[in-house]
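Below: query17.cif (mmCIF, C-alpha atoms)
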data_structure
loop_
_atom_site.group_PDB
_atom_site.id
_atom_site.type_symbol
_atom_site.label_atom_id
_atom_site.label_comp_id
_atom_site.auth_asym_id
_atom_site.auth_seq_id
_atom_site.Cartn_x
_atom_site.Cartn_y
_atom_site.Cartn_z
ATOM 1 C CA GLN A 1 0.000 0.000 0.000
ATOM 2 C CA VAL A 2 1.418 3.360 -1.022
ATOM 3 C CA GLN A 3 1.668 6.118 1.587
ATOM 4 C CA LEU A 4 1.109 9.695 0.459
ATOM 5 C CA VAL A 5 2.175 12.808 2.370
ATOM 6 C CA GLU A 6 1.119 16.259 1.192
ATOM 7 C CA SER A 7 2.819 19.509 2.177
ATOM 8 C CA GLY A 8 2.894 23.165 1.186
ATOM 9 C CA GLY A 9 -0.565 24.357 2.134
ATOM 10 C CA GLY A 10 -1.288 27.614 3.907
ATOM 11 C CA LEU A 11 -3.086 30.942 3.921
ATOM 12 C CA VAL A 12 -2.715 33.138 0.856
ATOM 13 C CA GLN A 13 -4.388 36.283 -0.430
ATOM 14 C CA PRO A 14 -6.527 36.209 -3.583
ATOM 15 C CA GLY A 15 -4.259 36.318 -6.610
ATOM 16 C CA GLY A 16 -1.431 34.629 -4.751
ATOM 17 C CA SER A 17 0.371 31.353 -5.377
ATOM 18 C CA LEU A 18 1.179 28.156 -3.529
ATOM 19 C CA ARG A 19 2.940 24.944 -4.480
ATOM 20 C CA LEU A 20 1.789 21.674 -3.003
ATOM 21 C CA SER A 21 4.012 18.605 -2.857
ATOM 22 C CA CYS A 22 3.076 14.973 -2.398
ATOM 23 C CA ALA A 23 5.700 12.397 -1.511
ATOM 24 C CA ALA A 24 4.905 8.749 -2.187
ATOM 25 C CA SER A 25 6.479 5.802 -0.410
ATOM 26 C CA GLY A 26 5.874 2.174 0.445
ATOM 27 C CA PRO A 27 6.552 -1.264 -0.953
ATOM 28 C CA GLY A 28 5.019 -2.862 -3.961
ATOM 29 C CA PHE A 29 4.357 0.054 -6.246
ATOM 30 C CA ARG A 30 6.216 1.600 -9.120
ATOM 31 C CA PHE A 31 6.026 5.383 -8.983
ATOM 32 C CA ASP A 32 7.314 5.787 -12.525
ATOM 33 C CA ASP A 33 4.536 3.658 -14.028
ATOM 34 C CA SER A 34 1.696 5.218 -12.053
ATOM 35 C CA TRP A 35 -0.811 7.921 -12.805
ATOM 36 C CA TRP A 36 -1.320 10.448 -10.023
ATOM 37 C CA TYR A 37 -4.206 12.715 -9.082
ATOM 38 C CA TRP A 38 -5.029 15.765 -7.037
ATOM 39 C CA VAL A 39 -8.485 16.099 -5.492
ATOM 40 C CA ARG A 40 -9.861 18.647 -3.055
ATOM 41 C CA ARG A 41 -12.635 19.008 -0.509
ATOM 42 C CA PRO A 42 -14.069 22.526 -0.216
ATOM 43 C CA PRO A 43 -15.701 23.402 3.117
ATOM 44 C CA GLY A 44 -18.994 21.548 3.508
ATOM 45 C CA LYS A 45 -18.687 19.777 0.148
ATOM 46 C CA GLY A 46 -17.556 16.430 -1.229
ATOM 47 C CA LEU A 47 -14.302 15.476 -2.893
ATOM 48 C CA GLU A 48 -13.671 17.117 -6.264
ATOM 49 C CA TRP A 49 -11.189 15.852 -8.859
ATOM 50 C CA ILE A 50 -8.969 18.651 -10.088
ATOM 51 C CA SER A 51 -6.020 17.195 -11.988
ATOM 52 C CA ARG A 52 -4.129 14.128 -13.097
ATOM 53 C CA ILE A 53 -0.775 13.279 -14.608
ATOM 54 C CA THR A 54 -0.022 10.153 -16.603
ATOM 55 C CA ASP A 55 3.110 8.038 -16.442
ATOM 56 C CA ASP A 56 4.488 9.899 -19.452
ATOM 57 C CA GLY A 57 3.654 13.326 -18.027
ATOM 58 C CA ALA A 58 0.429 14.206 -19.820
ATOM 59 C CA THR A 59 -1.854 16.352 -17.688
ATOM 60 C CA ALA A 60 -5.553 17.125 -17.484
ATOM 61 C CA TYR A 61 -7.414 19.637 -15.323
ATOM 62 C CA LEU A 62 -10.810 20.587 -14.026
ATOM 63 C CA THR A 63 -12.100 23.460 -16.134
ATOM 64 C CA ALA A 64 -12.280 25.749 -13.099
ATOM 65 C CA VAL A 65 -8.503 25.489 -12.510
ATOM 66 C CA LYS A 66 -7.223 25.125 -16.080
ATOM 67 C CA GLY A 67 -4.692 27.792 -16.905
ATOM 68 C CA ARG A 68 -4.051 28.556 -13.219
ATOM 69 C CA PHE A 69 -2.894 25.191 -11.819
ATOM 70 C CA THR A 70 -0.024 23.062 -13.126
ATOM 71 C CA MET A 71 0.624 19.491 -12.074
ATOM 72 C CA SER A 72 4.057 17.925 -12.454
ATOM 73 C CA ARG A 73 6.057 14.948 -11.268
ATOM 74 C CA ASP A 74 9.625 14.106 -10.304
ATOM 75 C CA ASN A 75 10.141 10.373 -10.658
ATOM 76 C CA ALA A 76 13.571 10.453 -9.024
ATOM 77 C CA LYS A 77 12.059 11.988 -5.879
ATOM 78 C CA LYS A 78 8.784 10.008 -6.112
ATOM 79 C CA THR A 79 6.967 13.286 -5.698
ATOM 80 C CA VAL A 80 4.135 15.033 -7.498
ATOM 81 C CA TYR A 81 3.476 18.743 -7.364
ATOM 82 C CA LEU A 82 0.604 21.146 -7.846
ATOM 83 C CA GLN A 83 1.582 24.716 -8.655
ATOM 84 C CA MET A 84 -1.407 26.957 -7.971
ATOM 85 C CA ASN A 85 -1.403 30.520 -9.307
ATOM 86 C CA SER A 86 -4.019 33.275 -9.368
ATOM 87 C CA LEU A 87 -5.740 31.685 -6.409
ATOM 88 C CA LYS A 88 -9.367 32.565 -5.706
ATOM 89 C CA PRO A 89 -11.414 32.306 -2.508
ATOM 90 C CA GLU A 90 -13.352 29.430 -4.086
ATOM 91 C CA ASP A 91 -10.089 27.444 -4.222
ATOM 92 C CA THR A 92 -10.203 27.182 -0.424
ATOM 93 C CA ALA A 93 -10.203 23.471 0.389
ATOM 94 C CA VAL A 94 -8.241 20.572 1.783
ATOM 95 C CA TYR A 95 -6.087 19.279 -1.063
ATOM 96 C CA TYR A 96 -5.145 15.631 -1.390
ATOM 97 C CA CYS A 97 -2.975 13.669 -3.739
ATOM 98 C CA ALA A 98 -4.344 10.284 -4.666
ATOM 99 C CA THR A 99 -3.685 7.134 -6.625
ATOM 100 C CA ASP A 100 -7.160 7.119 -8.161
ATOM 101 C CA PRO A 101 -9.457 9.848 -9.555
ATOM 102 C CA SER A 102 -12.091 9.388 -6.849
ATOM 103 C CA GLY A 103 -9.540 10.011 -4.120
ATOM 104 C CA SER A 104 -10.352 6.809 -2.268
ATOM 105 C CA ASN A 105 -6.625 6.236 -1.636
ATOM 106 C CA ARG A 106 -5.262 9.615 -0.614
ATOM 107 C CA GLY A 107 -2.959 11.285 1.854
ATOM 108 C CA GLN A 108 -3.826 13.255 4.961
ATOM 109 C CA GLY A 109 -4.334 16.453 2.999
ATOM 110 C CA ALA A 110 -3.031 20.015 2.980
ATOM 111 C CA GLN A 111 -5.244 22.941 3.935
ATOM 112 C CA VAL A 112 -5.303 25.809 1.446
ATOM 113 C CA THR A 113 -7.125 28.962 2.495
ATOM 114 C CA VAL A 114 -7.507 31.866 0.090
ATOM 115 C CA SER A 115 -8.667 34.964 1.912
ATOM 116 C CA ALA A 116 -7.930 38.649 2.196
#

Structure rendered as structure tokens:
Amino acid sequence: QVQLVESGGGLVQPGGSLRLSCAASGPGFRFDDSWWYWVRRPPGKGLEWISRITDDGATAYLTAVKGRFTMSRDNAKKTVYLQMNSLKPEDTAVYYCATDPSGSNRGQGAQVTVSA
């Protein structure tokens, strides 16, 4: 079972930027061959898929974040990233990296709060 640990969350003003990291570890999985996902849970709402990256680096995004968020991966470090620019108050959520698009296998999460 893969363990996922997110970091990099915090409080930021509207229009600001944050970069989230997610380190993967554990036996029995091949980071390089895996697809990775970011999902988020806004206050009082369910999990929402926001991005994914394939094993060869192809990305896809939720329309609401396209053009503002960039997902990347570093296979040597077994880490995925989410660069978030032009943040809006509606981006406030707990952000999770996951091994599946529904987020059923995810880390502990990183709180991102966008507020003036």

For range 54-64 of chain A, I'd like the enclosing box, axis-aligned and padded by 6 Å on every side, reported as lines of an AutoDock Vina configuration file with centre and edge lengths in Å to one decimal.
center_x = -3.9
center_y = 16.9
center_z = -16.5
size_x = 28.8
size_y = 29.7
size_z = 18.7

Practice task
Would you be able to write out as a VMD selection string which residues have an atom within 8 Å of (-3.3, 22.2, 0.0) in the file's coordinates, counting all atoms listed in the file?
Solution key: chain A and resid 6 to 10 20 93 to 96 109 to 112

Practice task
Carefully work through the PyMOL selection byres ((chain A and resi 38) around 10) for this structure and note down the residues it includes, as a ChimeraX atom specification.
Solution key: /A:20,22,36-37,39-40,48-53,61,71,80-82,95-103,106

Quick one: write out the picked residues with C-alpha atoms as a JSON list (two decimals), in the coordinates of the input?
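As written to disk, selection-v1.json reads:
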[["chain", "number", "residue", "atom", "x", "y", "z"],
["A", 20, "LEU", "CA", 1.79, 21.67, -3.00],
["A", 22, "CYS", "CA", 3.08, 14.97, -2.40],
["A", 36, "TRP", "CA", -1.32, 10.45, -10.02],
["A", 37, "TYR", "CA", -4.21, 12.72, -9.08],
["A", 39, "VAL", "CA", -8.48, 16.10, -5.49],
["A", 40, "ARG", "CA", -9.86, 18.65, -3.06],
["A", 48, "GLU", "CA", -13.67, 17.12, -6.26],
["A", 49, "TRP", "CA", -11.19, 15.85, -8.86],
["A", 50, "ILE", "CA", -8.97, 18.65, -10.09],
["A", 51, "SER", "CA", -6.02, 17.20, -11.99],
["A", 52, "ARG", "CA", -4.13, 14.13, -13.10],
["A", 53, "ILE", "CA", -0.78, 13.28, -14.61],
["A", 61, "TYR", "CA", -7.41, 19.64, -15.32],
["A", 71, "MET", "CA", 0.62, 19.49, -12.07],
["A", 80, "VAL", "CA", 4.14, 15.03, -7.50],
["A", 81, "TYR", "CA", 3.48, 18.74, -7.36],
["A", 82, "LEU", "CA", 0.60, 21.15, -7.85],
["A", 95, "TYR", "CA", -6.09, 19.28, -1.06],
["A", 96, "TYR", "CA", -5.14, 15.63, -1.39],
["A", 97, "CYS", "CA", -2.98, 13.67, -3.74],
["A", 98, "ALA", "CA", -4.34, 10.28, -4.67],
["A", 99, "THR", "CA", -3.68, 7.13, -6.62],
["A", 100, "ASP", "CA", -7.16, 7.12, -8.16],
["A", 101, "PRO", "CA", -9.46, 9.85, -9.56],
["A", 102, "SER", "CA", -12.09, 9.39, -6.85],
["A", 103, "GLY", "CA", -9.54, 10.01, -4.12],
["A", 106, "ARG", "CA", -5.26, 9.62, -0.61]]

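Distances to Phe31 in chain A were evaluated for A:Gln3, A:Gln108, A:Thr92, A:Asn85 using only C-alpha atoms, and the minimum falls at A:Gln3.
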
Problem - Given all atoms listed in the file as the counted atoms, nearest of A:Thr113, A:Thr54, A:Ser25, A:Ser17 to Phe69 in chain A - result: A:Ser17

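What separates CA of Gly44 in chain A from CA of Ala64 in chain A is a distance of 18.4 Å.
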
Handout entry: Shortest interatomic distance to Trp35 in chain A - which of A:Gly57, A:Gly67, A:Pro89, A:Gly107, counting all atoms listed in the file
Key = A:Gly57

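Here CA of Gln1 in chain A is placed at a distance of 10.3 Å from CA of Ala24 in chain A.
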
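Between CA of Thr70 in chain A and CA of Gly46 in chain A there is a distance of 22.2 Å.
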
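The shortest atom-to-atom distance to Asn75 in chain A, with all atoms listed in the file taken into account, belongs to A:Asp55 out of A:Asp55, A:Pro14, A:Ser21, A:Val5.
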
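When all atoms listed in the file are used to measure the gap to Arg68 in chain A, the shortest distance among A:Leu47, A:Asp32, A:Asp91, A:Arg41 belongs to A:Asp91.
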
Practice task
Might you pull out every residue within 8 Å of Val2 in chain A, with only C-alpha atoms counted and same-chain residues fewer than 2 positions away left off, and present them as a PyMOL selection string?
Solution key: chain A and resi 4+24-29

Writer output for current selection, C-alpha atoms, as a compact mmCIF listing (two decimals), in the frame of the given file:
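The resulting file, out18.txt, is shown below:
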# COMPACT_ATOMS: atom_id res chain seq x y z
CA LEU A 4 1.11 9.70 0.46
CA ALA A 24 4.90 8.75 -2.19
CA SER A 25 6.48 5.80 -0.41
CA GLY A 26 5.87 2.17 0.44
CA PRO A 27 6.55 -1.26 -0.95
CA GLY A 28 5.02 -2.86 -3.96
CA PHE A 29 4.36 0.05 -6.25

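The closest residue to Val12 in chain A, picked from A:Arg30, A:Lys45, A:Val114, A:Gln83 and counting only C-alpha atoms, is A:Val114.
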
Rebuild range 87-98 of chain A so that it carries all heavy atoms, then output the result as a compact mmCIF listing (two decimals), in the frame of the given file.
# COMPACT_ATOMS: atom_id res chain seq x y z
N LEU A 87 -4.78 32.36 -7.29
CA LEU A 87 -5.74 31.68 -6.41
C LEU A 87 -6.94 32.57 -6.11
O LEU A 87 -6.82 33.80 -5.98
CB LEU A 87 -5.05 31.25 -5.13
CG LEU A 87 -4.18 29.99 -5.29
CD1 LEU A 87 -3.18 29.86 -4.15
CD2 LEU A 87 -5.07 28.75 -5.35
N LYS A 88 -8.09 31.91 -5.98
CA LYS A 88 -9.37 32.56 -5.71
C LYS A 88 -9.94 32.05 -4.39
O LYS A 88 -9.63 30.93 -3.98
CB LYS A 88 -10.35 32.27 -6.83
CG LYS A 88 -9.86 32.65 -8.22
CD LYS A 88 -10.86 32.21 -9.28
CE LYS A 88 -10.37 32.57 -10.68
NZ LYS A 88 -11.35 32.15 -11.72
N PRO A 89 -10.80 32.80 -3.75
CA PRO A 89 -11.41 32.31 -2.51
C PRO A 89 -12.11 30.95 -2.69
O PRO A 89 -12.09 30.13 -1.76
CB PRO A 89 -12.41 33.41 -2.16
CG PRO A 89 -11.80 34.65 -2.73
CD PRO A 89 -11.16 34.22 -4.01
N GLU A 90 -12.66 30.71 -3.86
CA GLU A 90 -13.35 29.43 -4.09
C GLU A 90 -12.39 28.26 -4.22
O GLU A 90 -12.82 27.11 -4.32
CB GLU A 90 -14.26 29.50 -5.31
CG GLU A 90 -13.59 30.03 -6.57
CD GLU A 90 -13.83 31.51 -6.79
OE1 GLU A 90 -13.75 32.31 -5.80
OE2 GLU A 90 -14.07 31.91 -7.96
N ASP A 91 -11.09 28.52 -4.24
CA ASP A 91 -10.09 27.44 -4.22
C ASP A 91 -9.82 26.96 -2.80
O ASP A 91 -9.09 25.98 -2.61
CB ASP A 91 -8.78 27.91 -4.85
CG ASP A 91 -8.91 28.21 -6.33
OD1 ASP A 91 -9.58 27.44 -7.04
OD2 ASP A 91 -8.33 29.22 -6.78
N THR A 92 -10.38 27.62 -1.81
CA THR A 92 -10.20 27.18 -0.42
C THR A 92 -10.73 25.77 -0.25
O THR A 92 -11.87 25.47 -0.60
CB THR A 92 -10.94 28.14 0.53
OG1 THR A 92 -10.33 29.43 0.47
CG2 THR A 92 -10.90 27.62 1.96
N ALA A 93 -9.86 24.89 0.26
CA ALA A 93 -10.20 23.47 0.39
C ALA A 93 -9.06 22.74 1.06
O ALA A 93 -7.96 23.29 1.21
CB ALA A 93 -10.47 22.85 -0.99
N VAL A 94 -9.32 21.50 1.43
CA VAL A 94 -8.24 20.57 1.78
C VAL A 94 -7.87 19.85 0.50
O VAL A 94 -8.74 19.29 -0.18
CB VAL A 94 -8.65 19.58 2.87
CG1 VAL A 94 -7.49 18.65 3.20
CG2 VAL A 94 -9.11 20.31 4.12
N TYR A 95 -6.59 19.88 0.17
CA TYR A 95 -6.09 19.28 -1.06
C TYR A 95 -5.39 17.96 -0.75
O TYR A 95 -4.58 17.88 0.18
CB TYR A 95 -5.12 20.23 -1.76
CG TYR A 95 -5.82 21.37 -2.45
CD1 TYR A 95 -6.39 22.40 -1.71
CD2 TYR A 95 -5.91 21.43 -3.84
CE1 TYR A 95 -7.06 23.45 -2.34
CE2 TYR A 95 -6.56 22.47 -4.48
CZ TYR A 95 -7.14 23.47 -3.72
OH TYR A 95 -7.80 24.50 -4.34
N TYR A 96 -5.70 16.96 -1.57
CA TYR A 96 -5.14 15.63 -1.39
C TYR A 96 -4.52 15.15 -2.70
O TYR A 96 -5.10 15.37 -3.77
CB TYR A 96 -6.23 14.62 -1.02
CG TYR A 96 -7.06 14.93 0.20
CD1 TYR A 96 -8.23 15.69 0.08
CD2 TYR A 96 -6.72 14.43 1.45
CE1 TYR A 96 -9.02 15.96 1.19
CE2 TYR A 96 -7.50 14.69 2.57
CZ TYR A 96 -8.65 15.45 2.43
OH TYR A 96 -9.43 15.71 3.53
N CYS A 97 -3.41 14.45 -2.59
CA CYS A 97 -2.98 13.67 -3.74
C CYS A 97 -3.52 12.26 -3.57
O CYS A 97 -3.79 11.81 -2.46
CB CYS A 97 -1.46 13.68 -3.91
SG CYS A 97 -0.55 12.92 -2.56
N ALA A 98 -3.68 11.57 -4.69
CA ALA A 98 -4.34 10.28 -4.67
C ALA A 98 -3.83 9.40 -5.78
O ALA A 98 -3.26 9.87 -6.77
CB ALA A 98 -5.86 10.48 -4.80
